[in-house]
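Novice: Below you'll find target25.txt; it's compact mmCIF, C-alpha atoms.
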# COMPACT_ATOMS: atom_id res chain seq x y z
CA MET Y 1 17.94 13.28 -15.70
CA ALA Y 2 14.83 11.15 -15.17
CA LYS Y 3 11.90 11.61 -17.49
CA SER Y 4 9.45 14.10 -15.99
CA ALA Y 5 6.25 12.33 -16.99
CA TYR Y 6 5.18 8.90 -18.17
CA THR Y 7 1.91 7.84 -19.72
CA ALA Y 8 -0.09 5.09 -18.04
CA ARG Y 9 0.92 2.73 -20.86
CA GLU Y 10 4.62 3.53 -20.40
CA LYS Y 11 4.33 2.95 -16.65
CA TYR Y 12 2.60 -0.38 -17.28
CA GLU Y 13 5.29 -1.50 -19.72
CA LEU Y 14 8.03 -0.57 -17.24
CA ILE Y 15 6.23 -2.50 -14.49
CA MET Y 16 5.99 -5.59 -16.66
CA ALA Y 17 9.65 -5.28 -17.67
CA TYR Y 18 10.64 -4.83 -14.03
CA GLU Y 19 8.71 -7.94 -12.98
CA ASP Y 20 10.35 -10.01 -15.75
CA ARG Y 21 13.84 -8.51 -15.43
CA GLN Y 22 16.93 -10.71 -15.50
CA THR Y 23 19.11 -8.13 -13.73
CA SER Y 24 19.08 -6.62 -10.24
CA ALA Y 25 16.52 -3.96 -9.36
CA ARG Y 26 19.35 -1.45 -9.07
CA ASP Y 27 20.67 -2.20 -12.56
CA PHE Y 28 17.17 -2.11 -14.04
CA CYS Y 29 16.41 1.30 -12.50
CA SER Y 30 19.77 2.65 -13.63
CA GLN Y 31 19.23 1.36 -17.16
CA HIS Y 32 15.78 2.97 -17.40
CA ASN Y 33 16.78 6.13 -15.50
CA ILE Y 34 14.09 5.72 -12.84
CA SER Y 35 14.23 5.40 -9.06
CA ARG Y 36 13.33 2.17 -7.30
CA LYS Y 37 10.85 4.04 -5.08
CA THR Y 38 9.05 5.29 -8.17
CA ILE Y 39 8.71 1.87 -9.82
CA GLU Y 40 7.58 0.31 -6.52
CA ARG Y 41 4.96 3.05 -6.09
CA TRP Y 42 3.66 2.36 -9.60
CA ILE Y 43 3.47 -1.36 -8.81
CA TYR Y 44 1.47 -0.61 -5.67
CA LEU Y 45 -0.90 1.70 -7.55
CA TYR Y 46 -1.31 -0.85 -10.34
CA CYS Y 47 -1.96 -3.70 -7.88
CA THR Y 48 -4.52 -1.60 -6.02
CA TYR Y 49 -6.32 0.26 -8.81
CA GLY Y 50 -5.28 -1.31 -12.10
CA MET Y 51 -4.56 0.97 -15.05
CA ASP Y 52 -6.63 3.70 -13.39
CA GLY Y 53 -3.97 4.00 -10.70
CA LEU Y 54 -1.30 4.77 -13.32
CA GLN Y 55 -3.20 7.69 -14.81
CA GLU Y 56 -2.12 11.22 -13.97
CA ALA Y 57 -4.45 12.93 -11.52
CA THR Y 58 -6.90 15.32 -13.17
CA GLY Y 59 -8.90 16.86 -10.37
CA TRP Y 60 -10.34 15.19 -7.29
CA LYS Y 61 -8.28 12.16 -6.32
CA ARG Y 62 -9.44 9.00 -4.60
CA TYR Y 63 -7.37 7.22 -1.97
CA SER Y 64 -7.66 3.86 -0.27
CA LYS Y 65 -7.82 3.49 3.51
CA GLU Y 66 -4.40 1.80 3.39
CA VAL Y 67 -2.80 4.72 1.55
CA LYS Y 68 -4.32 7.26 3.95
CA THR Y 69 -3.18 5.32 7.01
CA ALA Y 70 0.33 4.73 5.65
CA ALA Y 71 0.69 8.44 4.80
CA VAL Y 72 -0.47 9.52 8.27
CA LEU Y 73 1.82 7.07 10.06
CA ASP Y 74 4.79 8.19 7.97
CA SER Y 75 3.96 11.80 8.87
CA LEU Y 76 3.71 11.06 12.60
CA SER Y 77 6.86 8.94 12.63
CA GLY Y 78 9.02 12.04 12.24
CA ALA Y 79 11.09 10.32 9.56
CA TYR Y 80 9.48 12.32 6.74
CA SER Y 81 8.39 15.90 6.18
CA LEU Y 82 4.82 16.57 5.03
CA THR Y 83 6.20 17.37 1.58
CA ASP Y 84 8.06 14.05 1.48
CA VAL Y 85 4.87 12.17 2.36
CA ILE Y 86 2.83 14.08 -0.23
CA GLN Y 87 5.33 13.19 -2.93
CA LYS Y 88 5.66 9.58 -1.76
CA TYR Y 89 1.90 8.89 -1.89
CA GLU Y 90 1.03 11.41 -4.64
CA ILE Y 91 -1.39 13.30 -2.39
CA SER Y 92 -3.06 16.28 -4.02
CA SER Y 93 -2.28 18.89 -1.32
CA HIS Y 94 -0.97 19.59 2.20
CA SER Y 95 -4.50 20.30 3.40
CA VAL Y 96 -5.69 16.82 2.38
CA LEU Y 97 -2.88 15.14 4.34
CA GLU Y 98 -3.39 17.44 7.34
CA LYS Y 99 -7.09 16.53 7.41
CA TRP Y 100 -6.22 12.81 7.52
CA ILE Y 101 -3.78 13.47 10.38
CA ARG Y 102 -6.44 15.38 12.35
CA ASN Y 103 -8.97 12.59 11.84
CA TYR Y 104 -6.44 9.96 12.90
CA ASN Y 105 -5.47 11.90 16.03
CA ASP Y 106 -9.16 12.36 16.86
CA HIS Y 107 -9.58 8.56 16.53
CA ARG Y 108 -11.85 8.92 13.51
CA GLU Y 109 -11.74 6.05 11.03
CA LEU Y 110 -9.88 6.69 7.78
CA LYS Y 111 -12.11 5.24 5.07
CA ASP Y 112 -11.63 4.45 1.39
CA THR Y 113 -12.54 7.30 -0.91
CA GLN Y 114 -15.21 5.76 -3.10
CA ARG Y 115 -14.26 5.12 -6.68
CA MET Y 116 -16.51 3.56 -9.28
CA SER Y 117 -14.48 0.67 -10.66
CA ASN Y 118 -14.24 -3.04 -10.17
CA SER Y 119 -10.97 -2.43 -8.28
CA MET Y 120 -13.31 -1.77 -5.33
CA ILE Y 121 -14.26 -5.45 -5.23
CA LYS Y 122 -13.02 -6.66 -1.86
CA GLY Y 123 -10.78 -9.64 -1.44
CA ARG Y 124 -12.25 -12.89 -0.17
CA SER Y 125 -11.04 -16.25 1.06
CA THR Y 126 -10.43 -18.83 -1.64
CA SER Y 127 -9.32 -22.45 -1.90
CA LEU Y 128 -6.21 -23.57 -3.77
CA GLU Y 129 -8.45 -24.96 -6.53
CA GLU Y 130 -10.22 -21.60 -6.92
CA ARG Y 131 -6.96 -19.69 -7.05
CA LEU Y 132 -5.61 -22.02 -9.71
CA GLU Y 133 -8.82 -21.68 -11.76
CA ILE Y 134 -8.66 -17.89 -11.50
CA VAL Y 135 -5.02 -17.81 -12.57
CA MET Y 136 -5.68 -20.07 -15.56
CA TYR Y 137 -8.64 -17.91 -16.58
CA CYS Y 138 -6.56 -14.75 -16.31
CA LEU Y 139 -3.67 -16.18 -18.33
CA GLN Y 140 -6.01 -17.54 -21.01
CA ASN Y 141 -7.51 -14.06 -21.35
CA GLY Y 142 -4.26 -12.22 -21.92
CA LYS Y 143 -3.64 -11.36 -18.24
CA ASN Y 144 -6.81 -9.29 -18.08
CA TYR Y 145 -6.77 -8.83 -14.30
CA ASN Y 146 -9.84 -6.61 -14.30
CA GLN Y 147 -11.89 -9.18 -16.19
CA ALA Y 148 -10.79 -12.03 -13.88
CA SER Y 149 -11.50 -9.92 -10.80
CA GLU Y 150 -15.02 -9.13 -11.97
CA HIS Y 151 -15.75 -12.66 -13.21
CA PHE Y 152 -14.74 -14.42 -9.97
CA LYS Y 153 -15.67 -11.60 -7.55
CA VAL Y 154 -12.22 -11.35 -6.00
CA SER Y 155 -10.06 -8.24 -5.69
CA TYR Y 156 -7.91 -7.02 -8.54
CA GLN Y 157 -4.89 -7.19 -6.27
CA GLN Y 158 -5.52 -10.84 -5.39
CA VAL Y 159 -5.63 -11.81 -9.06
CA TYR Y 160 -2.46 -9.87 -9.84
CA GLN Y 161 -0.50 -11.41 -6.96
CA TRP Y 162 -1.72 -14.96 -7.67
CA VAL Y 163 -0.68 -14.72 -11.31
CA LYS Y 164 2.76 -13.41 -10.36
CA LYS Y 165 3.23 -16.13 -7.76
CA TYR Y 166 2.12 -18.81 -10.22
CA GLU Y 167 4.50 -17.56 -12.89
CA LYS Y 168 7.36 -17.59 -10.39
CA GLU Y 169 6.65 -20.75 -8.36
CA GLY Y 170 3.93 -22.65 -10.17
CA GLU Y 171 1.07 -24.17 -8.17
CA THR Y 172 3.24 -24.13 -5.02
CA GLY Y 173 3.08 -20.33 -5.05
CA LEU Y 174 -0.71 -20.45 -4.71
CA LYS Y 175 -0.73 -22.49 -1.51
CA ASP Y 176 -2.04 -20.79 1.62
CA ASN Y 177 0.94 -20.28 3.91
CA ARG Y 178 -0.89 -18.37 6.62
CA GLY Y 179 0.62 -18.97 10.01
CA ARG Y 180 4.16 -18.71 8.65
CA SER Y 181 5.75 -15.30 8.78
CA LYS Y 182 7.20 -14.25 5.45
CA SER Y 183 10.70 -12.87 5.19
CA ASP Y 184 11.13 -9.35 3.78
CA LEU Y 185 12.34 -10.84 0.50
CA GLU Y 186 9.07 -12.78 0.11
CA LEU Y 187 6.80 -9.79 0.67
CA THR Y 188 5.03 -7.99 -2.14
CA THR Y 189 5.17 -4.19 -2.24
CA GLU Y 190 1.75 -3.88 -0.57
CA GLU Y 191 2.61 -6.49 2.07
CA LYS Y 192 5.73 -4.48 2.92
CA ILE Y 193 3.57 -1.36 3.29
CA GLN Y 194 1.07 -3.24 5.47
CA ARG Y 195 3.85 -4.65 7.69
CA GLU Y 196 5.38 -1.22 8.08
CA MET Y 197 1.95 0.28 8.83
CA LYS Y 198 1.43 -2.28 11.59
CA ARG Y 199 4.85 -1.53 13.05
CA LEU Y 200 4.21 2.21 12.99
CA GLU Y 201 0.76 1.77 14.54
CA GLN Y 202 2.27 -0.23 17.40
CA GLU Y 203 5.00 2.37 17.83
CA ASN Y 204 2.46 5.21 17.90
CA GLU Y 205 0.34 3.37 20.47
CA ARG Y 206 3.44 2.93 22.63
CA LEU Y 207 4.28 6.65 22.34
CA ARG Y 208 0.70 7.62 23.19
CA ALA Y 209 0.78 5.42 26.28
CA GLU Y 210 4.10 6.94 27.34
CA ASN Y 211 2.81 10.48 26.82
CA ALA Y 212 -0.35 9.73 28.81
CA PHE Y 213 1.75 8.31 31.64
CA LEU Y 214 4.07 11.35 31.67
CA LYS Y 215 1.09 13.74 31.72
CA LYS Y 216 -0.35 11.86 34.66
CA LEU Y 217 2.96 12.14 36.52
CA GLU Y 218 3.10 15.86 35.79
CA GLU Y 219 -0.45 16.32 37.07
CA LEU Y 220 0.36 14.41 40.27
CA GLU Y 221 3.48 16.52 40.77
CA ARG Y 222 1.47 19.74 40.33
CA ARG Y 223 -1.07 18.56 42.89
CA ARG Y 224 1.71 17.65 45.31
CA LEU Y 225 3.27 21.08 44.99
CA LYS Y 226 -0.09 22.84 45.55
CA LYS Y 227 -0.57 21.00 48.82
CA ARG Y 228 2.65 22.43 50.27
Since I need it in another form, could you write the structure as structure tokens?

Specialist:
Amino acid sequence: MAKSAYTAREKYELIMAYEDRQTSARDFCSQHNISRKTIERWIYLYCTYGMDGLQEATGWKRYSKEVKTAAVLDSLSGAYSLTDVIQKYEISSHSVLEKWIRNYNDHRELKDTQRMSNSMIKGRSTSLEERLEIVMYCLQNGKNYNQASEHFKVSYQQVYQWVKKYEKEGETGLKDNRGRSKSDLELTTEEKIQREMKRLEQENERLRAENAFLKKLEELERRRLKKR
């Protein structure tokens, strides 16, 4: 049976071990008695919020716009129950998720819940030289991603991903490959979520257009029948 609760430090150590593993993800998860979905969720939370994201919730929770949107799109896709979505994104209650769904359906913007930490620093465009400097700074300071993020005014997630890419591919991993579509194997956990969000948004727009068209046909048919 999987361990019921992990401390933030234990989650962090498992994330680091997972990133540096020499075995398959399946073997790693089996060895540590943890599901792949769980470790990937922790990685996403750590990339987005740092150690704060690995803490157990104690009261009012804060959620990013991306998490809210992904949760809503999963709910509307029909592939998950509300309970599944709540567990997947660690949402505090059904009412919170239902409120996001109502706002989304009413075309209201889903915004970040404000949290006072330097993980709120937004990402920005950087040159290869800047990225390399940031990575070197982070490595020289014991992989203190928060410190590097604050020092260079880039997002925590950017620093984390650049360091990981540098460790895996060297300077080549820091090159800007925009314009080339990444394969699924190249995507980070958050990039996979963002790609899936985009796909679900497009699918929902298509379904809305189809529903609007069908309603219009029904209305025209009703009018035709009234004229008889």

Novice: I'd like the neighbourhood of Trp100 of chain Y as a PyMOL selection string, where a residue qualifies if any of its atoms comes within 8 Å (using only C-alpha atoms), though same-chain residues fewer than 6 positions away should be ignored.

Specialist: chain Y and resi 68+72+110

Novice: What does the distance from atom CA of Glu109 of chain Y to atom CA of Tyr89 of chain Y come to in Å, to one decimal?

Specialist: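 One can read the atom CA of Glu109 of chain Y to atom CA of Tyr89 of chain Y distance as 19.0 Å.
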
Novice: I need the residue nearest Tyr137 of chain Y from this list: Y:Ala17, Y:Gln158, Y:Lys175, Y:Val163. Use all atoms listed in the file for the distance.

Specialist: Y:Val163

Novice: Rounded to one decimal place, report the atom CA of Phe28 of chain Y-atom CA of Trp42 of chain Y distance in Å.

Specialist: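 About the pair atom CA of Phe28 of chain Y and atom CA of Trp42 of chain Y: they are 14.9 Å apart.
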
Novice: Between atom CA of Gly142 of chain Y and atom CA of Ser155 of chain Y, what is the spacing in Å?

Specialist: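 For atom CA of Ser155 of chain Y relative to atom CA of Gly142 of chain Y, the distance reads 17.7 Å.
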
Novice: Compile the contact shell of Met136 of chain Y as a ChimeraX atom specification: residues with an atom at most 12 Å away, counting all atoms listed in the file, same-chain residues fewer than 5 positions apart removed.

Specialist: /Y:129-131,141-145,148,159,162-164,166-167,170-171,174

Novice: Return the single residue from Y:Ser95, Y:Thr7, Y:Gln194, Y:Gln161 that is closest to Glu66 of chain Y, with distances computed using only C-alpha atoms.

Specialist: Y:Gln194
